[in-house]
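To be precise, the following lines are entry.csv, and they hold CSV, C-alpha atoms.
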```
chain,number,residue,atom,x,y,z
S,1,MET,CA,16.0,3.0,17.9
S,2,LYS,CA,16.4,2.2,14.2
S,3,THR,CA,15.8,4.8,11.6
S,4,GLU,CA,13.5,4.3,8.6
S,5,GLN,CA,16.6,4.1,6.4
S,6,GLN,CA,18.1,1.3,8.6
S,7,TYR,CA,14.8,-0.6,8.2
S,8,PHE,CA,15.0,0.0,4.5
S,9,GLU,CA,18.5,-1.3,4.2
S,10,GLU,CA,17.6,-4.5,6.1
S,11,ALA,CA,14.3,-5.1,4.1
S,12,VAL,CA,13.6,-7.3,1.2
S,13,SER,CA,12.7,-6.0,-2.2
S,14,LEU,CA,9.0,-5.7,-2.9
S,15,GLN,CA,9.5,-8.2,-5.7
S,16,ASP,CA,11.0,-10.7,-3.3
S,17,TYR,CA,8.2,-10.1,-0.8
S,18,MET,CA,5.5,-10.7,-3.5
S,19,GLU,CA,7.2,-13.9,-4.6
S,20,ARG,CA,7.2,-15.2,-1.1
S,21,MET,CA,3.5,-14.4,-0.5
S,22,GLU,CA,1.1,-17.2,0.4
S,23,THR,CA,-2.3,-15.8,1.4
S,24,HIS,CA,-3.1,-13.3,-1.3
S,25,LYS,CA,-0.3,-14.1,-3.8
S,26,ASP,CA,-2.5,-15.0,-6.8
S,27,ASN,CA,-4.8,-12.0,-6.5
S,28,SER,CA,-1.8,-9.7,-5.9
S,29,PHE,CA,-0.2,-11.0,-9.1
S,30,LEU,CA,-3.4,-10.8,-11.0
S,31,ILE,CA,-3.4,-7.0,-10.3
S,32,TYR,CA,0.3,-6.7,-11.0
S,33,ASN,CA,0.0,-8.4,-14.3
S,34,GLU,CA,-3.1,-6.4,-15.4
S,35,PHE,CA,-2.3,-2.9,-14.1
S,36,GLU,CA,-0.5,-0.5,-16.4
S,37,VAL,CA,0.8,2.8,-15.0
S,38,PRO,CA,-1.1,5.6,-16.7
S,39,GLN,CA,0.8,7.8,-19.2
S,40,ASP,CA,1.9,10.3,-16.6
S,41,ASP,CA,5.2,11.9,-17.6
S,42,GLU,CA,5.2,14.4,-14.7
S,43,PHE,CA,4.9,12.0,-11.8
S,44,ILE,CA,7.1,9.3,-13.3
S,45,GLU,CA,9.7,11.8,-14.4
S,46,ILE,CA,9.9,13.5,-11.0
S,47,LEU,CA,10.3,10.1,-9.4
S,48,LYS,CA,13.2,9.4,-11.8
S,49,GLU,CA,14.7,12.8,-11.2
S,50,LYS,CA,14.5,12.8,-7.4
S,51,HIS,CA,15.1,9.1,-7.1
S,52,PRO,CA,13.5,8.5,-3.7
S,53,HIS,CA,13.1,5.1,-2.3
S,54,VAL,CA,10.1,3.5,-0.5
S,55,LEU,CA,9.8,1.4,2.6
S,56,VAL,CA,6.6,-0.7,2.7
S,57,ILE,CA,5.2,-1.9,6.0
S,58,THR,CA,2.9,-4.8,5.0
S,59,GLU,CA,1.7,-8.3,5.7
S,60,ASP,CA,0.6,-11.2,3.4
S,61,TRP,CA,-2.9,-11.5,4.9
S,62,CYS,CA,-3.8,-7.9,4.3
S,63,GLY,CA,-6.4,-7.3,1.5
S,64,ASP,CA,-5.4,-3.7,1.1
S,65,ALA,CA,-1.7,-4.7,0.7
S,66,MET,CA,-2.9,-7.2,-1.9
S,67,LEU,CA,-4.4,-4.3,-3.8
S,68,ASN,CA,-1.8,-1.6,-3.2
S,69,ASN,CA,1.5,-3.4,-3.4
S,70,PRO,CA,1.4,-4.4,-7.0
S,71,ILE,CA,0.4,-0.9,-8.0
S,72,LEU,CA,3.3,0.6,-6.1
S,73,ARG,CA,5.6,-2.0,-7.7
S,74,ARG,CA,4.5,-1.0,-11.2
S,75,ILE,CA,5.1,2.7,-10.3
S,76,ALA,CA,8.5,1.8,-9.0
S,77,GLU,CA,9.4,-0.1,-12.1
S,78,ALA,CA,8.2,2.7,-14.4
S,79,ALA,CA,10.4,5.2,-12.5
S,80,ASN,CA,13.3,2.9,-11.7
S,81,ILE,CA,13.1,3.5,-7.9
S,82,GLU,CA,13.8,1.0,-5.2
S,83,VAL,CA,11.0,-0.4,-3.0
S,84,ARG,CA,11.6,-2.6,0.0
S,85,ALA,CA,9.2,-4.3,2.4
S,86,VAL,CA,9.1,-5.2,6.0
S,87,LEU,CA,6.5,-7.2,7.9
S,88,ARG,CA,4.4,-5.2,10.3
S,89,ASP,CA,4.1,-7.9,12.9
S,90,GLU,CA,7.9,-8.3,13.1
S,91,ASN,CA,8.5,-4.5,13.3
S,92,LEU,CA,6.0,-3.1,15.8
S,93,ASP,CA,8.5,-0.3,16.8
S,94,LEU,CA,8.3,0.9,13.2
S,95,ILE,CA,4.5,0.6,12.6
S,96,ASP,CA,3.8,2.2,16.0
S,97,ARG,CA,5.4,5.4,14.5
S,98,TYR,CA,2.8,5.5,11.7
S,99,LEU,CA,-0.5,4.5,13.3
S,100,THR,CA,-3.7,5.2,11.5
S,101,ASN,CA,-6.4,6.4,13.8
S,102,GLY,CA,-4.6,4.7,16.6
S,103,GLY,CA,-4.4,1.4,14.8
S,104,ARG,CA,-1.6,-0.6,13.1
S,105,SER,CA,-3.4,-0.4,9.7
S,106,ILE,CA,-1.4,-1.5,6.7
S,107,PRO,CA,0.1,-1.2,4.1
S,108,VAL,CA,2.0,2.0,4.9
S,109,TYR,CA,4.4,3.4,2.3
S,110,LEU,CA,7.2,5.7,3.5
S,111,LEU,CA,8.7,7.8,0.8
S,112,LEU,CA,12.3,8.5,1.7
S,113,ASN,CA,14.8,10.8,0.0
S,114,SER,CA,18.3,9.6,-0.9
S,115,ASP,CA,19.5,10.5,2.6
S,116,GLY,CA,16.8,8.3,4.1
S,117,GLU,CA,14.7,11.2,5.4
S,118,LEU,CA,11.0,10.8,5.4
S,119,LEU,CA,9.3,12.9,2.7
S,120,ALA,CA,5.8,11.5,2.9
S,121,LYS,CA,3.6,8.6,4.2
S,122,TRP,CA,0.8,7.0,2.2
S,123,GLY,CA,-1.7,4.3,3.2
S,124,PRO,CA,-3.3,2.2,4.1
S,125,ARG,CA,-6.1,2.9,1.6
S,126,ALA,CA,-7.2,5.5,-1.0
S,127,PRO,CA,-10.0,7.7,0.4
S,128,ILE,CA,-12.6,6.5,-2.0
S,129,LEU,CA,-12.0,2.9,-1.0
S,130,GLN,CA,-11.9,3.9,2.7
S,131,GLU,CA,-15.4,5.4,2.2
S,132,TYR,CA,-16.6,2.2,0.6
S,133,VAL,CA,-15.1,0.0,3.4
S,134,MET,CA,-16.6,2.2,6.1
S,135,ALA,CA,-20.0,2.1,4.5
S,136,GLY,CA,-19.9,-1.7,4.2
S,137,ARG,CA,-18.8,-2.1,7.8
S,138,ALA,CA,-21.6,0.2,8.9
S,139,GLU,CA,-24.1,-2.2,7.4
S,140,LEU,CA,-22.8,-5.2,9.4
S,141,PRO,CA,-24.8,-6.3,12.4
S,142,ALA,CA,-23.4,-5.7,15.9
S,143,GLN,CA,-20.3,-7.8,16.8
S,144,ASP,CA,-22.2,-9.8,19.4
S,145,ALA,CA,-25.0,-10.7,16.9
S,146,PRO,CA,-25.0,-14.4,15.9
S,147,GLU,CA,-24.8,-13.6,12.2
S,148,PHE,CA,-21.9,-11.0,12.6
S,149,GLU,CA,-19.1,-13.4,11.6
S,150,GLU,CA,-20.9,-14.8,8.6
S,151,LYS,CA,-21.9,-11.3,7.3
S,152,GLN,CA,-18.4,-9.9,7.9
S,153,LYS,CA,-16.8,-12.8,6.0
S,154,ALA,CA,-19.2,-12.3,3.1
S,155,PHE,CA,-18.4,-8.5,3.1
S,156,TYR,CA,-14.6,-9.1,3.0
S,157,SER,CA,-15.0,-11.7,0.3
S,158,LYS,CA,-17.0,-9.3,-1.8
S,159,LEU,CA,-14.4,-6.6,-1.1
S,160,MET,CA,-11.5,-8.8,-2.2
S,161,SER,CA,-13.4,-9.7,-5.4
S,162,GLU,CA,-13.9,-6.0,-6.1
S,163,TYR,CA,-10.3,-5.1,-5.4
S,164,THR,CA,-9.1,-7.7,-8.0
S,165,ALA,CA,-11.8,-7.2,-10.6
S,166,LYS,CA,-12.3,-3.4,-10.8
S,167,PRO,CA,-9.5,-1.4,-12.5
S,168,THR,CA,-11.2,1.7,-11.3
S,169,ASN,CA,-10.0,0.7,-7.8
S,170,TRP,CA,-6.5,0.3,-9.1
S,171,LEU,CA,-6.6,3.8,-10.6
S,172,ALA,CA,-7.9,5.2,-7.3
S,173,VAL,CA,-4.9,3.8,-5.5
S,174,TYR,CA,-2.5,5.2,-8.2
S,175,ASP,CA,-4.2,8.6,-8.2
S,176,ASP,CA,-4.0,8.9,-4.4
S,177,ILE,CA,-0.4,7.9,-4.2
S,178,ARG,CA,0.4,10.4,-7.0
S,179,SER,CA,-1.6,13.2,-5.4
S,180,THR,CA,0.1,12.6,-2.1
S,181,TRP,CA,3.7,12.3,-3.4
S,182,LEU,CA,3.9,14.6,-6.4
S,183,PRO,CA,3.6,17.9,-4.4
S,184,VAL,CA,6.1,16.7,-1.9
S,185,LEU,CA,8.6,15.6,-4.6
S,186,GLN,CA,8.2,19.0,-6.3
S,187,GLN,CA,9.2,20.7,-3.1
S,188,ALA,CA,12.1,18.3,-2.3
S,189,LYS,CA,15.7,19.3,-2.8
```
Using structure tokens, write down the structure from this file.
Amino acid sequence: MKTEQQYFEEAVSLQDYMERMETHKDNSFLIYNEFEVPQDDEFIEILKEKHPHVLVITEDWCGDAMLNNPILRRIAEAANIEVRAVLRDENLDLIDRYLTNGGRSIPVYLLLNSDGELLAKWGPRAPILQEYVMAGRAELPAQDAPEFEEKQKAFYSKLMSEYTAKPTNWLAVYDDIRSTWLPVLQQAK
């Protein structure tokens, strides 16, 4: 069984992954081009000092990856750390180690130390966005209802629009990654 470090070594850079995107490329780059890492010396400095690397489990079709990956890329650029990506559907052995509520939800970010040991997992979505998505899904009709597909499509369209148009969503992602990783990095050797 491959280690997370072996997956990392075989993966493509997050930059290369984003360049190759098709489904959500424009929206992902819209976020990437607009998002600025907040002035946050503590988080960025500890990333620079500890120099972890990040393995991303992602897919082009995923709206959460469209939102989160460009934010992670900006964090990585600010801290000069390496981020590489693998596709979930081609790496089921890996994603099955990091299920979310029993499902293969993505993106998943694996924070690895310089020896390739797992320090922390983040993803697939910031809690405030999870609450919003769950509330929206709760308002959908039953799956067997004739209008379900139309209503679900409209909800996901609205969600993608809000992901790309609301910088508060971008900051929610940044803040949650920070609050998950900072304490772990502070304790790491």
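Considering all atoms listed in the file, the residue among S:Leu111, S:Ile57, S:Met160, S:Leu140 positioned nearest to Thr180 (chain S) is S:Leu111.
Coordinates place CA of Leu159 (chain S) at a distance of 21.3 Å from CA of Ala145 (chain S).
Across S:Pro167, S:Tyr98, S:Tyr156, S:Ile71, the tightest approach to Met134 (chain S) is made by S:Tyr156 when counting all atoms listed in the file.
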- request: May I have the residues within 8 Å of Tyr163 (chain S) as number ranges by chain, using only C-alpha atoms and disregarding those fewer than 5 positions away in the same chain?
  value: S: 67, 169-170
- prompt: Got a sec: who's within 9 Å of Leu87 (chain S), counting only C-alpha atoms, leaving out chain neighbours fewer than 5 positions off, as a list of chain:residue names?
  reply: S:Ala11, S:Val56, S:Ile57, S:Thr58, S:Glu59, S:Asp60, S:Leu92
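For the set S:Ala188, S:Leu99, S:Asp64, S:Asp89, the residue with the smallest atom-to-atom gap to Glu49 (chain S) is S:Ala188, counting all atoms listed in the file.
In this model, the gap between CA of Ser28 (chain S) and CA of Asp16 (chain S) comes to 13.1 Å.
The nearest approach to Lys2 (chain S) among the residues S:Thr23, S:Asn101, S:Asn91, S:Ser157, with only C-alpha atoms taken into account, belongs to S:Asn91.
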Contacts of His51 (chain S) within 8 Å, only C-alpha atoms, excl. fewer than 3 positions in-chain, as a ChimeraX atom specification: /S:46-48,80-81,113-114
- request: Please identify all polymer residues within 8 Å of Ser13 (chain S), counting all atoms listed in the file, omitting same-chain residues fewer than 6 positions from it, and present them as JSON, numbers by chain.
  value: {"S": [82, 83, 84, 85]}
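Between CA of Lys25 (chain S) and CA of Pro70 (chain S) lies a distance of 10.4 Å.
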- prompt: Which residue, S:Leu119, S:Met21, S:Val184, S:Val108, has the smallest gap to His53 (chain S) when you use all atoms listed in the file?
  reply: S:Leu119
- request: Give as an NGL selection string every residue, naming chains and numbers as the document does, that has an atom within 6 Å of (3.0, -5.4, -13.4), counting all atoms listed in the file.
  value: :S and (32-33 or 35 or 74)
task: Considering all atoms listed in the file, state which residue in the set S:Asn27, S:Gln130, S:Thr100, S:Ser105 is at the smallest distance from Thr164 (chain S).
output: S:Asn27
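Shown here are all protein and nucleic acid residues lying within 10 Å of (-0.9, 7.2, -16.3), with all atoms listed in the file considered: Glu36, Val37, Pro38, Gln39, Asp40, Asp41, Glu42, Phe43, Ile44, Ile75, Leu171, Tyr174, Asp175 and Arg178 of chain S.
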Please write out, as JSON, where the centre of an axis-aligned box around all listed atoms of region 119-123 of chain S lies and how long its edges are, in Å to one decimal, after adding 3 Å on each side.
```
{"center_x": 3.8, "center_y": 8.6, "center_z": 3.2, "size_x": 17.0, "size_y": 14.6, "size_z": 8.0}
```
